[in-house]
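So this one's start.cif, mmCIF, C-alpha atoms:
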```
data_upload
#
loop_
_atom_site.label_atom_id
_atom_site.label_comp_id
_atom_site.auth_asym_id
_atom_site.auth_seq_id
_atom_site.Cartn_x
_atom_site.Cartn_y
_atom_site.Cartn_z
CA MET A 1 -40.78 48.40 61.73
CA ARG A 2 -43.67 46.24 62.89
CA VAL A 3 -43.44 42.51 63.37
CA ARG A 4 -46.22 40.16 64.14
CA VAL A 5 -47.28 36.63 64.87
CA ALA A 6 -50.01 35.85 62.43
CA GLY A 7 -52.22 32.88 61.95
CA ARG A 8 -55.56 31.23 61.68
CA ARG A 9 -56.44 28.91 64.51
CA VAL A 10 -58.60 26.01 63.45
CA SER A 11 -59.04 24.43 66.85
CA THR A 12 -57.57 24.46 70.31
CA GLY A 13 -57.16 22.24 73.29
CA SER A 14 -56.76 23.56 76.83
CA THR A 15 -55.15 26.87 75.82
CA ARG A 16 -57.02 29.71 74.10
CA PHE A 17 -55.43 32.14 71.70
CA GLY A 18 -56.14 35.82 71.47
CA GLY A 19 -58.17 36.92 68.45
CA ALA A 20 -56.74 37.68 65.04
CA ALA A 21 -53.14 38.38 64.17
CA ARG A 22 -51.45 41.09 66.30
CA PHE A 23 -49.14 43.69 64.87
CA VAL A 24 -46.10 44.55 66.92
CA VAL A 25 -43.23 46.91 66.81
CA ALA A 26 -39.81 46.58 65.35
CA ILE A 27 -39.50 43.39 63.77
CA LEU A 28 -41.82 40.90 64.78
CA LEU A 29 -42.52 37.47 64.12
CA ALA A 30 -44.86 37.49 61.41
CA ALA A 31 -45.46 34.76 60.06
CA ALA A 32 -46.84 31.97 60.09
CA SER A 33 -50.14 31.13 61.09
CA VAL A 34 -53.57 32.48 60.44
CA LEU A 35 -55.71 31.96 63.53
CA VAL A 36 -59.47 31.23 63.80
CA ALA A 37 -61.65 29.79 66.51
CA ALA A 38 -63.06 26.26 66.44
CA THR A 39 -63.63 23.15 68.47
CA PRO A 40 -61.00 21.45 70.63
CA ALA A 41 -58.76 18.84 69.04
CA GLN A 42 -59.11 15.47 70.70
CA ALA A 43 -55.84 14.14 72.14
CA ASP A 44 -56.41 10.61 70.82
CA SER A 45 -56.65 11.94 67.25
CA ILE A 46 -53.48 14.02 67.28
CA ARG A 47 -51.23 11.52 65.56
CA ASP A 48 -53.87 10.73 62.94
CA ARG A 49 -53.93 14.41 61.98
CA GLU A 50 -50.20 14.49 61.18
CA TYR A 51 -50.67 13.54 57.54
CA TRP A 52 -47.31 15.04 56.55
CA LEU A 53 -45.32 12.36 58.39
CA ASP A 54 -46.21 9.78 55.73
CA ASP A 55 -46.92 12.08 52.79
CA TYR A 56 -43.53 13.80 52.94
CA GLY A 57 -41.35 10.77 53.66
CA ILE A 58 -40.68 11.64 57.30
CA SER A 59 -41.77 8.33 58.81
CA ASP A 60 -39.69 6.51 56.17
CA ALA A 61 -36.64 8.62 57.05
CA TRP A 62 -36.95 7.49 60.68
CA ALA A 63 -35.73 4.07 59.58
CA VAL A 64 -32.34 5.78 59.19
CA THR A 65 -32.42 8.39 61.95
CA GLU A 66 -34.76 10.37 64.19
CA GLY A 67 -32.37 13.28 64.60
CA LYS A 68 -30.48 12.25 67.71
CA GLY A 69 -27.43 14.41 68.43
CA VAL A 70 -28.69 17.44 66.49
CA THR A 71 -29.81 20.67 68.18
CA ILE A 72 -32.52 22.95 66.78
CA ALA A 73 -32.74 26.51 68.10
CA VAL A 74 -36.26 27.94 67.99
CA ILE A 75 -36.21 31.76 67.99
CA ASP A 76 -39.81 32.57 68.79
CA THR A 77 -42.11 33.44 71.70
CA GLY A 78 -40.57 30.79 73.95
CA ILE A 79 -41.21 27.08 74.47
CA ASP A 80 -43.18 25.46 77.26
CA GLY A 81 -40.81 22.59 77.98
CA THR A 82 -43.24 21.12 80.52
CA HIS A 83 -45.66 20.09 77.78
CA PRO A 84 -45.82 16.24 77.73
CA ASP A 85 -44.84 16.18 74.05
CA LEU A 86 -41.72 18.28 74.73
CA ASP A 87 -40.63 16.59 77.93
CA GLY A 88 -36.85 16.24 77.83
CA ALA A 89 -36.51 17.91 74.43
CA VAL A 90 -35.44 21.38 75.64
CA VAL A 91 -31.77 21.34 76.64
CA GLY A 92 -31.16 25.08 77.04
CA GLY A 93 -32.51 28.51 76.33
CA ALA A 94 -32.40 32.24 76.84
CA ASP A 95 -34.70 35.25 76.83
CA PHE A 96 -33.95 38.44 74.88
CA SER A 97 -37.24 40.23 75.48
CA THR A 98 -36.44 41.00 79.17
CA LEU A 99 -40.00 39.81 79.90
CA GLY A 100 -39.68 36.03 79.97
CA SER A 101 -37.80 33.58 82.14
CA SER A 102 -34.05 33.35 81.61
CA ASP A 103 -34.33 29.81 80.19
CA GLY A 104 -36.70 30.87 77.38
CA GLN A 105 -39.43 28.53 78.56
CA THR A 106 -41.98 31.10 79.68
CA PRO A 107 -43.99 32.19 76.63
CA VAL A 108 -43.62 35.93 76.06
CA GLY A 109 -46.48 38.24 75.11
CA ASP A 110 -50.22 37.84 75.15
CA GLY A 111 -52.59 36.43 72.57
CA ASP A 112 -50.07 34.56 70.44
CA SER A 113 -47.57 33.50 73.11
CA SER A 114 -48.31 29.85 72.28
CA HIS A 115 -46.60 30.26 68.92
CA GLY A 116 -43.14 29.09 69.99
CA THR A 117 -44.48 25.94 71.63
CA MET A 118 -46.47 25.02 68.53
CA VAL A 119 -43.40 25.55 66.35
CA ALA A 120 -41.16 23.48 68.63
CA SER A 121 -43.59 20.55 68.66
CA LEU A 122 -43.60 20.29 64.87
CA ALA A 123 -39.80 20.30 64.77
CA ALA A 124 -38.99 17.92 67.64
CA GLY A 125 -42.15 16.90 69.49
CA ARG A 126 -41.77 13.55 71.26
CA GLY A 127 -45.38 12.41 71.43
CA ARG A 128 -45.77 8.71 70.75
CA GLY A 129 -48.57 6.61 69.35
CA THR A 130 -51.76 8.65 69.06
CA SER A 131 -51.35 10.53 72.32
CA GLY A 132 -49.52 13.63 71.15
CA VAL A 133 -47.58 15.56 68.54
CA ILE A 134 -44.46 13.94 67.17
CA GLY A 135 -42.10 16.25 65.33
CA ALA A 136 -40.15 15.65 62.15
CA ALA A 137 -37.03 14.95 64.26
CA PRO A 138 -38.36 13.50 67.53
CA GLU A 139 -34.90 12.71 68.93
CA ALA A 140 -33.42 16.15 68.22
CA SER A 141 -32.78 18.60 71.06
CA LEU A 142 -34.24 22.09 71.33
CA LEU A 143 -32.94 25.49 72.42
CA ALA A 144 -35.78 27.73 73.63
CA ILE A 145 -35.02 31.36 72.68
CA SER A 146 -37.72 33.87 73.49
CA ILE A 147 -38.06 37.32 71.94
CA GLY A 148 -40.77 39.97 72.35
CA PHE A 149 -43.62 40.73 70.00
CA SER A 150 -45.33 43.91 71.09
CA GLU A 151 -44.46 47.60 71.31
CA SER A 152 -43.62 47.27 74.99
CA ASP A 153 -41.74 43.98 74.73
CA GLY A 154 -38.25 44.98 75.74
CA PRO A 155 -35.44 46.04 73.42
CA ASN A 156 -35.67 46.75 69.71
CA SER A 157 -36.75 43.57 67.92
CA ASP A 158 -34.02 43.87 65.29
CA ASP A 159 -31.44 43.77 68.07
CA GLN A 160 -33.22 40.95 69.88
CA ILE A 161 -33.07 38.73 66.82
CA ALA A 162 -29.44 39.54 66.04
CA ASP A 163 -28.47 38.71 69.63
CA ALA A 164 -30.61 35.56 69.61
CA VAL A 165 -28.94 34.23 66.46
CA ARG A 166 -25.47 34.73 67.95
CA TRP A 167 -26.52 33.10 71.22
CA ALA A 168 -27.90 30.09 69.37
CA VAL A 169 -24.61 29.59 67.52
CA ASP A 170 -22.54 29.96 70.67
CA ASN A 171 -24.70 27.43 72.50
CA GLY A 172 -24.52 24.57 70.06
CA ALA A 173 -27.29 25.05 67.51
CA ASP A 174 -26.94 23.03 64.32
CA VAL A 175 -30.18 24.38 62.89
CA ILE A 176 -31.98 27.68 63.62
CA ASN A 177 -35.74 27.84 63.04
CA MET A 178 -37.16 31.31 62.35
CA SER A 179 -40.93 31.20 61.90
CA LEU A 180 -41.02 34.97 61.61
CA THR A 181 -40.73 37.75 59.08
CA ARG A 182 -39.76 41.39 59.10
CA ASN A 183 -42.33 42.05 56.34
CA THR A 184 -39.70 43.96 54.36
CA LEU A 185 -37.29 42.80 51.69
CA ASP A 186 -34.35 44.42 53.46
CA TRP A 187 -32.88 43.88 56.91
CA PRO A 188 -30.76 45.85 59.40
CA THR A 189 -26.96 45.75 59.21
CA SER A 190 -26.90 44.08 62.63
CA TRP A 191 -28.35 41.01 60.92
CA ASP A 192 -25.47 40.98 58.45
CA ASP A 193 -22.99 40.16 61.19
CA ALA A 194 -25.27 37.81 63.16
CA PHE A 195 -26.44 35.69 60.23
CA LEU A 196 -23.00 35.62 58.67
CA TYR A 197 -21.65 34.45 62.03
CA ALA A 198 -24.12 31.55 61.95
CA MET A 199 -23.25 30.59 58.40
CA GLN A 200 -19.51 30.79 59.02
CA ASN A 201 -20.06 28.41 61.95
CA ASP A 202 -21.85 25.90 59.71
CA VAL A 203 -25.37 26.47 61.06
CA VAL A 204 -28.39 25.99 58.76
CA ILE A 205 -30.95 28.81 59.08
CA VAL A 206 -34.53 27.90 58.08
CA ALA A 207 -37.04 30.76 57.70
CA ALA A 208 -40.75 31.14 56.92
CA ALA A 209 -41.95 32.77 53.72
CA GLY A 210 -44.89 34.34 55.59
CA ASN A 211 -48.61 34.31 54.84
CA ARG A 212 -50.78 36.36 52.52
CA GLY A 213 -53.72 35.68 54.81
CA SER A 214 -52.02 37.55 57.64
CA GLY A 215 -50.88 40.46 55.51
CA THR A 216 -47.49 39.31 54.23
CA THR A 217 -47.93 39.86 50.50
CA GLN A 218 -44.31 39.13 49.62
CA VAL A 219 -41.49 37.16 51.15
CA GLY A 220 -39.65 39.30 53.71
CA ALA A 221 -36.41 39.09 55.68
CA PRO A 222 -34.94 36.82 56.94
CA ALA A 223 -36.44 34.78 54.09
CA THR A 224 -34.87 37.17 51.55
CA MET A 225 -31.35 36.79 52.93
CA PRO A 226 -28.79 34.86 50.83
CA GLY A 227 -27.88 31.50 52.34
CA VAL A 228 -31.15 31.09 54.27
CA LEU A 229 -33.36 28.08 53.45
CA THR A 230 -36.77 29.67 52.93
CA VAL A 231 -39.94 27.58 53.25
CA GLY A 232 -43.15 28.15 51.32
CA GLY A 233 -46.48 26.52 52.16
CA VAL A 234 -48.87 24.12 50.41
CA ASP A 235 -52.26 22.69 51.25
CA ARG A 236 -52.98 19.05 52.00
CA SER A 237 -53.09 18.16 48.29
CA GLY A 238 -49.69 19.74 47.64
CA ARG A 239 -50.96 22.86 45.90
CA ALA A 240 -49.68 26.30 46.84
CA SER A 241 -51.60 27.67 49.79
CA TRP A 242 -53.30 30.94 48.92
CA ASP A 243 -53.77 32.21 52.49
CA ALA A 244 -51.01 30.35 54.30
CA SER A 245 -48.00 31.16 52.12
CA SER A 246 -46.38 34.13 50.42
CA GLN A 247 -44.41 33.91 47.19
CA GLY A 248 -40.91 34.93 46.20
CA ILE A 249 -37.85 33.92 44.23
CA THR A 250 -35.92 33.10 47.41
CA ILE A 251 -38.13 30.13 48.38
CA GLY A 252 -36.06 26.94 48.63
CA VAL A 253 -38.70 24.26 49.25
CA SER A 254 -42.34 23.97 50.20
CA ALA A 255 -43.99 22.00 52.99
CA PRO A 256 -47.49 21.61 54.49
CA SER A 257 -48.90 24.84 55.88
CA GLU A 258 -52.57 23.96 56.32
CA GLN A 259 -54.45 21.76 58.82
CA LEU A 260 -51.40 21.50 61.06
CA VAL A 261 -51.69 20.24 64.63
CA GLY A 262 -49.32 21.54 67.30
CA ALA A 263 -48.81 21.63 71.05
CA THR A 264 -49.69 24.69 73.14
CA PRO A 265 -48.62 25.66 76.69
CA GLY A 266 -50.46 23.83 79.44
CA ALA A 267 -50.68 20.45 77.69
CA GLY A 268 -53.04 21.79 75.01
CA TYR A 269 -53.22 21.32 71.25
CA VAL A 270 -54.23 23.49 68.33
CA LEU A 271 -55.00 23.12 64.64
CA TRP A 272 -53.52 25.98 62.65
CA ASP A 273 -52.41 27.20 59.22
CA GLY A 274 -49.26 28.98 58.15
CA THR A 275 -45.67 28.83 56.98
CA SER A 276 -44.58 29.18 60.59
CA GLY A 277 -45.75 25.56 60.84
CA ALA A 278 -44.23 24.48 57.53
CA THR A 279 -40.86 25.90 58.60
CA PRO A 280 -40.24 23.69 61.67
CA ILE A 281 -41.27 20.63 59.67
CA VAL A 282 -38.42 21.46 57.27
CA ALA A 283 -36.11 22.37 60.17
CA GLY A 284 -36.78 18.91 61.60
CA ILE A 285 -35.96 17.32 58.23
CA VAL A 286 -32.73 19.34 58.15
CA ALA A 287 -31.95 17.82 61.55
CA LEU A 288 -32.54 14.33 60.13
CA VAL A 289 -30.09 15.03 57.30
CA ARG A 290 -27.49 16.41 59.72
CA ALA A 291 -27.84 13.33 61.92
CA ALA A 292 -27.59 10.92 58.97
CA HIS A 293 -24.67 12.80 57.38
CA PRO A 294 -22.70 14.51 60.14
CA GLU A 295 -19.77 14.99 57.77
CA LEU A 296 -21.70 17.36 55.53
CA SER A 297 -21.38 21.14 55.65
CA ALA A 298 -24.45 23.34 56.01
CA ALA A 299 -24.29 24.12 52.28
CA ASN A 300 -24.40 20.43 51.41
CA VAL A 301 -27.24 19.78 53.84
CA ILE A 302 -29.27 22.47 52.09
CA GLU A 303 -28.27 21.02 48.72
CA ARG A 304 -29.68 17.64 49.80
CA ILE A 305 -32.96 19.24 50.87
CA ILE A 306 -33.56 21.17 47.63
CA SER A 307 -32.13 18.70 45.11
CA THR A 308 -34.25 15.79 46.38
CA ALA A 309 -37.49 17.78 46.61
CA THR A 310 -40.43 16.57 44.52
CA PRO A 311 -40.66 18.97 41.54
CA ALA A 312 -43.58 21.40 41.54
CA GLY A 313 -44.23 24.47 39.45
CA VAL A 314 -41.71 25.50 36.81
CA ALA A 315 -38.33 23.79 36.64
CA GLY A 316 -35.69 25.21 38.92
CA ALA A 317 -36.39 27.77 41.61
CA ASP A 318 -40.09 28.40 41.15
CA PRO A 319 -41.30 31.56 42.97
CA ILE A 320 -44.26 29.63 44.40
CA TYR A 321 -42.81 26.22 45.28
CA GLY A 322 -39.06 26.81 45.24
CA TYR A 323 -37.33 23.61 44.10
CA GLY A 324 -40.40 21.57 45.02
CA LEU A 325 -42.08 19.73 47.88
CA VAL A 326 -39.67 18.57 50.57
CA ASP A 327 -39.03 14.80 50.71
CA ALA A 328 -37.43 13.66 53.96
CA ALA A 329 -36.66 10.09 52.94
CA ALA A 330 -34.96 11.18 49.73
CA ALA A 331 -33.02 13.92 51.49
CA VAL A 332 -31.66 11.43 54.01
CA SER A 333 -30.92 8.49 51.72
CA SER A 334 -30.41 9.63 48.11
CA ASP A 335 -27.05 9.98 46.42
CA VAL A 336 -26.39 13.70 46.03
CA ASP A 337 -23.31 15.32 44.55
CA GLU A 338 -21.52 17.62 46.96
CA VAL A 339 -21.27 21.35 46.36
CA THR A 340 -18.71 23.93 47.38
CA ALA A 341 -21.09 26.86 47.88
CA ASN A 342 -24.45 27.40 49.53
CA PRO A 343 -27.08 26.89 46.80
CA MET A 344 -29.28 29.54 48.42
CA GLY A 345 -26.64 32.23 47.93
CA ASP A 346 -23.61 33.83 49.55
CA LEU A 347 -24.40 36.35 52.27
CA SER A 348 -20.80 37.52 52.60
CA GLU A 349 -20.65 38.36 48.89
CA TRP A 350 -23.98 40.16 49.09
CA ILE A 351 -22.69 42.24 51.99
CA ARG A 352 -19.44 43.00 50.17
CA ILE A 353 -21.22 44.26 47.08
CA ASN A 354 -24.34 45.90 48.45
CA ARG A 355 -23.23 47.39 51.74
CA ARG A 356 -20.03 48.74 50.19
CA ALA A 357 -21.98 50.23 47.29
CA ALA A 358 -24.37 51.91 49.70
CA ALA A 359 -21.48 53.29 51.78
CA GLU A 360 -19.56 54.56 48.75
CA THR A 361 -22.47 56.26 47.00
CA PRO A 362 -22.14 59.98 47.88
CA THR A 363 -25.20 62.03 48.64
CA PRO A 364 -25.56 65.55 47.20
CA GLU A 365 -24.66 66.97 50.61
CA THR A 366 -21.31 65.14 50.71
CA LEU A 367 -20.12 65.94 47.18
CA ALA A 368 -16.92 68.01 47.27
CA PRO A 369 -15.44 70.09 44.40
CA THR A 370 -12.42 68.71 42.57
CA PRO A 371 -9.21 70.41 43.84
CA GLY A 372 -8.46 73.46 41.68
CA ALA A 373 -11.88 73.48 40.05
CA THR A 374 -14.02 76.59 39.98
CA VAL A 375 -17.40 76.17 41.56
CA ALA A 376 -20.08 78.23 39.87
CA PRO A 377 -22.36 80.08 42.31
CA GLU A 378 -26.00 79.15 42.38
CA PRO A 379 -28.16 81.63 40.47
CA GLU A 380 -30.01 84.02 42.73
CA LYS A 381 -33.59 82.95 43.26
CA THR A 382 -36.25 85.55 42.53
CA ASP A 383 -40.00 85.48 42.70
CA ALA A 384 -41.37 84.56 39.30
CA SER A 385 -43.84 86.94 37.68
CA PRO A 386 -46.99 85.47 36.21
CA LEU A 387 -46.25 87.56 33.14
CA GLY A 388 -43.03 85.68 32.60
CA THR A 389 -44.79 83.18 30.41
CA LEU A 390 -46.28 85.96 28.25
CA LEU A 391 -43.58 88.66 27.85
CA PRO A 392 -40.09 88.00 26.41
CA THR A 393 -37.01 88.36 28.60
CA VAL A 394 -34.14 90.75 27.84
CA THR A 395 -32.04 87.84 26.64
CA GLU A 396 -34.79 86.69 24.34
CA LEU A 397 -35.12 90.21 22.92
CA ARG A 398 -31.36 90.40 22.31
CA ASP A 399 -30.83 86.95 20.88
CA VAL A 400 -34.07 86.54 18.99
CA GLY A 401 -36.08 89.76 18.88
CA ILE A 402 -33.47 92.15 17.41
CA PRO A 403 -32.29 89.82 14.60
CA LEU A 404 -35.90 89.08 13.78
CA LEU A 405 -36.70 92.81 13.67
CA LEU A 406 -33.76 93.55 11.30
CA PHE A 407 -34.73 90.66 9.06
CA THR A 408 -38.31 91.95 8.94
CA VAL A 409 -37.26 95.55 8.09
CA PHE A 410 -34.79 94.62 5.36
CA GLY A 411 -37.07 91.94 4.00
CA SER A 412 -39.98 94.42 3.77
CA ALA A 413 -37.76 96.99 1.98
CA ALA A 414 -36.62 94.40 -0.53
CA ILE A 415 -40.21 93.46 -1.26
CA LEU A 416 -41.16 97.11 -1.83
CA VAL A 417 -38.23 97.63 -4.25
CA ILE A 418 -39.14 94.52 -6.20
CA ALA A 419 -42.78 95.59 -6.33
CA ALA A 420 -41.87 99.10 -7.61
CA ALA A 421 -39.60 97.67 -10.30
CA ALA A 422 -42.36 95.37 -11.42
CA ARG A 423 -44.82 98.27 -11.77
CA GLN A 424 -42.32 100.27 -13.85
CA PHE A 425 -41.71 97.31 -16.12
CA ARG A 426 -45.45 96.83 -16.76
CA ALA A 427 -45.90 100.60 -17.40
CA SER A 428 -43.08 100.67 -20.01
CA ARG A 429 -44.61 97.69 -21.86
CA ARG A 430 -47.95 99.52 -22.18
CA LYS A 431 -46.26 102.55 -23.79
CA GLU A 432 -44.73 100.39 -26.44
#
```
Using structure tokens, write down the structure from this file.
Amino acid sequence: MRVRVAGRRVSTGSTRFGGAARFVVAILLAAASVLVAATPAQADSIRDREYWLDDYGISDAWAVTEGKGVTIAVIDTGIDGTHPDLDGAVVGGADFSTLGSSDGQTPVGDGDSSHGTMVASLAAGRGRGTSGVIGAAPEASLLAISIGFSESDGPNSDDQIADAVRWAVDNGADVINMSLTRNTLDWPTSWDDAFLYAMQNDVVIVAAAGNRGSGTTQVGAPATMPGVLTVGGVDRSGRASWDASSQGITIGVSAPSEQLVGATPGAGYVLWDGTSGATPIVAGIVALVRAAHPELSAANVIERIISTATPAGVAGADPIYGYGLVDAAAAVSSDVDEVTANPMGDLSEWIRINRRAAAETPTPETLAPTPGATVAPEPEKTDASPLGTLLPTVTELRDVGIPLLLFTVFGSAAILVIAAAARQFRASRRKE
């Protein structure tokens, strides 16, 4: 299974990216951005470029909270915690690729290793004024968890992610950001246990829908997993992004995925597109809700996010927009009825039904005869003759040919008798 970091770079600061999206083995981070070259972003214009802070109610939500006391785990390529905009934000970390530093703060891989730092800055960047990136939850803390994204990057990526999710839960994560995709609808059984462990420990998992522009034509795991808050992407006007978002019925909400500015290792900045950028914006808003309502369960936090979203598309869970465009201020401050179940689905129930069904479905090789039953032997296979379609078989001669022959003989005799009688009758009439 290949995984990849995908994206289109619009512009960079001091750090350069590798070229186009890289494919990598086992499960990779695929997701989020579509990268293209351009001119450097000027540091004094960074804050002005963050249009989503006002447009999506984030700056209004800060009047209530900026996310203090909430921890966001970023499972990605690693976070450069020395970046000025992330100074003091990273409170812990780990590496599961075997290639990075043990604290998760050395970006892993080449080409797209800046991905994790960009993601982290949009979730909890601490830039102030116009001098840097400020995330959706600038007072939230970060856990830097690095995993590998190439064929030689350490252990199997499926296992890396399962282990990373468990580590995040055990080390205090309230929210887990996953700007990655497996590019398949299904996922390994190791994820069943890891993700269920997170949900049972009241952790909100936020995942990217992926991008058509980088080859993700449909939403893939973990965005297909029940209970996960999946994020789709829209352009600056709030319309579904054609290149920077995939579609699927599991999308919960949508957020900006185009013209995003983020931090890169070495004090740089980049403009980029993709749902891997939309996802940490939503993860930061989740952190705001958790800080404003610490009494709420993960299910009720998700309910606040989706029920207060600005409607877009068809009513309900639209496959393009989900429940609508995320609204941070409404999610933090609106009156929302509490729920008893995760509105994005029940992973434990899915596992109970689907994994059990798969385990109990016998294959032809495992079918056993019923005790006492007679098993008929397989007919002996013989080479078929090309004449078999032209000449009748012995069975056909016996069951069809012989009765047909008898019917023909007796029928012909009857016709002859009737014909002879008719001739005699006509001859006798002439004599009279």
One number please: CA of Leu296 in chain A to CA of Val231 in chain A, in Å, one decimal. 21.0 Å
Going by the chain IDs and residue numbers used in this file, which residues fall under the PyMOL selection byres ((chain A and resi 206) around 7)? Write them as a list in words. Ile176, Asn177, Met178, Val204, Ile205, Ala207, Val228, Leu229, Thr230, Thr279 and Ala283 of chain A
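Nearest residue to Thr77 in chain A among A:Arg304, A:Arg166, A:Arg49, A:His115 is A:His115, counting all atoms listed in the file.
Each of A:Tyr56, A:Trp272, A:Trp187, A:Tyr197 was compared to Thr310 in chain A using all atoms listed in the file, and A:Tyr56 turns out to be the nearest.
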Here is a test: counting all atoms listed in the file, which residue of A:Ser102, A:Gly220, A:Gly232, A:Ala329 is nearest to Leu288 in chain A? A:Ala329
Would you mind listing what lies within 10 Å of Ala168 in chain A as a ChimeraX atom specification, with all atoms listed in the file counted and same-chain residues fewer than 2 positions away left out? /A:71-75,92-94,143-145,163-166,170-176,198,203
Suppose we keep C-alpha atoms; can you now write the selection as a PDB file, keeping the file's coordinate frame?
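Saved file selection_23.pdb follows:
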```
ATOM      1  CA  THR A  71     -29.810  20.670  68.180  1.00  0.00           C
ATOM      2  CA  ILE A  72     -32.520  22.950  66.780  1.00  0.00           C
ATOM      3  CA  ALA A  73     -32.740  26.510  68.100  1.00  0.00           C
ATOM      4  CA  VAL A  74     -36.260  27.940  67.990  1.00  0.00           C
ATOM      5  CA  ILE A  75     -36.210  31.760  67.990  1.00  0.00           C
ATOM      6  CA  GLY A  92     -31.160  25.080  77.040  1.00  0.00           C
ATOM      7  CA  GLY A  93     -32.510  28.510  76.330  1.00  0.00           C
ATOM      8  CA  ALA A  94     -32.400  32.240  76.840  1.00  0.00           C
ATOM      9  CA  LEU A 143     -32.940  25.490  72.420  1.00  0.00           C
ATOM     10  CA  ALA A 144     -35.780  27.730  73.630  1.00  0.00           C
ATOM     11  CA  ILE A 145     -35.020  31.360  72.680  1.00  0.00           C
ATOM     12  CA  ASP A 163     -28.470  38.710  69.630  1.00  0.00           C
ATOM     13  CA  ALA A 164     -30.610  35.560  69.610  1.00  0.00           C
ATOM     14  CA  VAL A 165     -28.940  34.230  66.460  1.00  0.00           C
ATOM     15  CA  ARG A 166     -25.470  34.730  67.950  1.00  0.00           C
ATOM     16  CA  ASP A 170     -22.540  29.960  70.670  1.00  0.00           C
ATOM     17  CA  ASN A 171     -24.700  27.430  72.500  1.00  0.00           C
ATOM     18  CA  GLY A 172     -24.520  24.570  70.060  1.00  0.00           C
ATOM     19  CA  ALA A 173     -27.290  25.050  67.510  1.00  0.00           C
ATOM     20  CA  ASP A 174     -26.940  23.030  64.320  1.00  0.00           C
ATOM     21  CA  VAL A 175     -30.180  24.380  62.890  1.00  0.00           C
ATOM     22  CA  ILE A 176     -31.980  27.680  63.620  1.00  0.00           C
ATOM     23  CA  ALA A 198     -24.120  31.550  61.950  1.00  0.00           C
ATOM     24  CA  VAL A 203     -25.370  26.470  61.060  1.00  0.00           C
TER      25      VAL A 203
END
```
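Contact shell of range 312-315 of chain A at 10 Å (all atoms listed in the file; same-chain neighbours under 5 positions omitted): Gly238, Arg239, Ala240, Val253, Ser254, Ile320, Tyr321, Gly322, Tyr323, Gly324 and Leu325 of chain A.
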For this file, the PyMOL selection byres ((chain A and resi 300-302) around 12) selects which residues, as a tab-separated table (two decimals) with C-alpha atoms, keeping the file's coordinate frame?
```tsv
chain	number	residue	atom	x	y	z
A	174	ASP	CA	-26.94	23.03	64.32
A	175	VAL	CA	-30.18	24.38	62.89
A	199	MET	CA	-23.25	30.59	58.40
A	202	ASP	CA	-21.85	25.90	59.71
A	203	VAL	CA	-25.37	26.47	61.06
A	204	VAL	CA	-28.39	25.99	58.76
A	205	ILE	CA	-30.95	28.81	59.08
A	206	VAL	CA	-34.53	27.90	58.08
A	227	GLY	CA	-27.88	31.50	52.34
A	228	VAL	CA	-31.15	31.09	54.27
A	229	LEU	CA	-33.36	28.08	53.45
A	230	THR	CA	-36.77	29.67	52.93
A	231	VAL	CA	-39.94	27.58	53.25
A	252	GLY	CA	-36.06	26.94	48.63
A	253	VAL	CA	-38.70	24.26	49.25
A	282	VAL	CA	-38.42	21.46	57.27
A	283	ALA	CA	-36.11	22.37	60.17
A	285	ILE	CA	-35.96	17.32	58.23
A	286	VAL	CA	-32.73	19.34	58.15
A	287	ALA	CA	-31.95	17.82	61.55
A	288	LEU	CA	-32.54	14.33	60.13
A	289	VAL	CA	-30.09	15.03	57.30
A	290	ARG	CA	-27.49	16.41	59.72
A	291	ALA	CA	-27.84	13.33	61.92
A	292	ALA	CA	-27.59	10.92	58.97
A	293	HIS	CA	-24.67	12.80	57.38
A	294	PRO	CA	-22.70	14.51	60.14
A	295	GLU	CA	-19.77	14.99	57.77
A	296	LEU	CA	-21.70	17.36	55.53
A	297	SER	CA	-21.38	21.14	55.65
A	298	ALA	CA	-24.45	23.34	56.01
A	299	ALA	CA	-24.29	24.12	52.28
A	303	GLU	CA	-28.27	21.02	48.72
A	304	ARG	CA	-29.68	17.64	49.80
A	305	ILE	CA	-32.96	19.24	50.87
A	306	ILE	CA	-33.56	21.17	47.63
A	307	SER	CA	-32.13	18.70	45.11
A	308	THR	CA	-34.25	15.79	46.38
A	309	ALA	CA	-37.49	17.78	46.61
A	323	TYR	CA	-37.33	23.61	44.10
A	326	VAL	CA	-39.67	18.57	50.57
A	328	ALA	CA	-37.43	13.66	53.96
A	331	ALA	CA	-33.02	13.92	51.49
A	332	VAL	CA	-31.66	11.43	54.01
A	335	ASP	CA	-27.05	9.98	46.42
A	336	VAL	CA	-26.39	13.70	46.03
A	337	ASP	CA	-23.31	15.32	44.55
A	338	GLU	CA	-21.52	17.62	46.96
A	339	VAL	CA	-21.27	21.35	46.36
A	340	THR	CA	-18.71	23.93	47.38
A	341	ALA	CA	-21.09	26.86	47.88
A	342	ASN	CA	-24.45	27.40	49.53
A	343	PRO	CA	-27.08	26.89	46.80
A	344	MET	CA	-29.28	29.54	48.42
A	345	GLY	CA	-26.64	32.23	47.93
```
Which residues, written as an MDAnalysis selection string, have at least one atom at most 7 Å from Asn183 in chain A, with only C-alpha atoms counted and residues fewer than 2 positions away on the same chain left out? chainID A and resid 181 185 216 220:221
Could you give me, as number ranges by chain, the residues within 12 Å of Ser97 in chain A, counting all atoms listed in the file and dropping anything in the same chain fewer than 5 positions from it? A: 28, 75-78, 102-104, 106-109, 145-161, 163-164
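Residues selected in this file by the PyMOL selection byres ((chain A and resi 193) around 10) comprise Ala162, Val165, Arg166, Pro188, Thr189, Ser190, Trp191, Asp192, Ala194, Phe195, Leu196, Tyr197, Ala198, Met199, Leu347, Ser348 and Ile351 of chain A.
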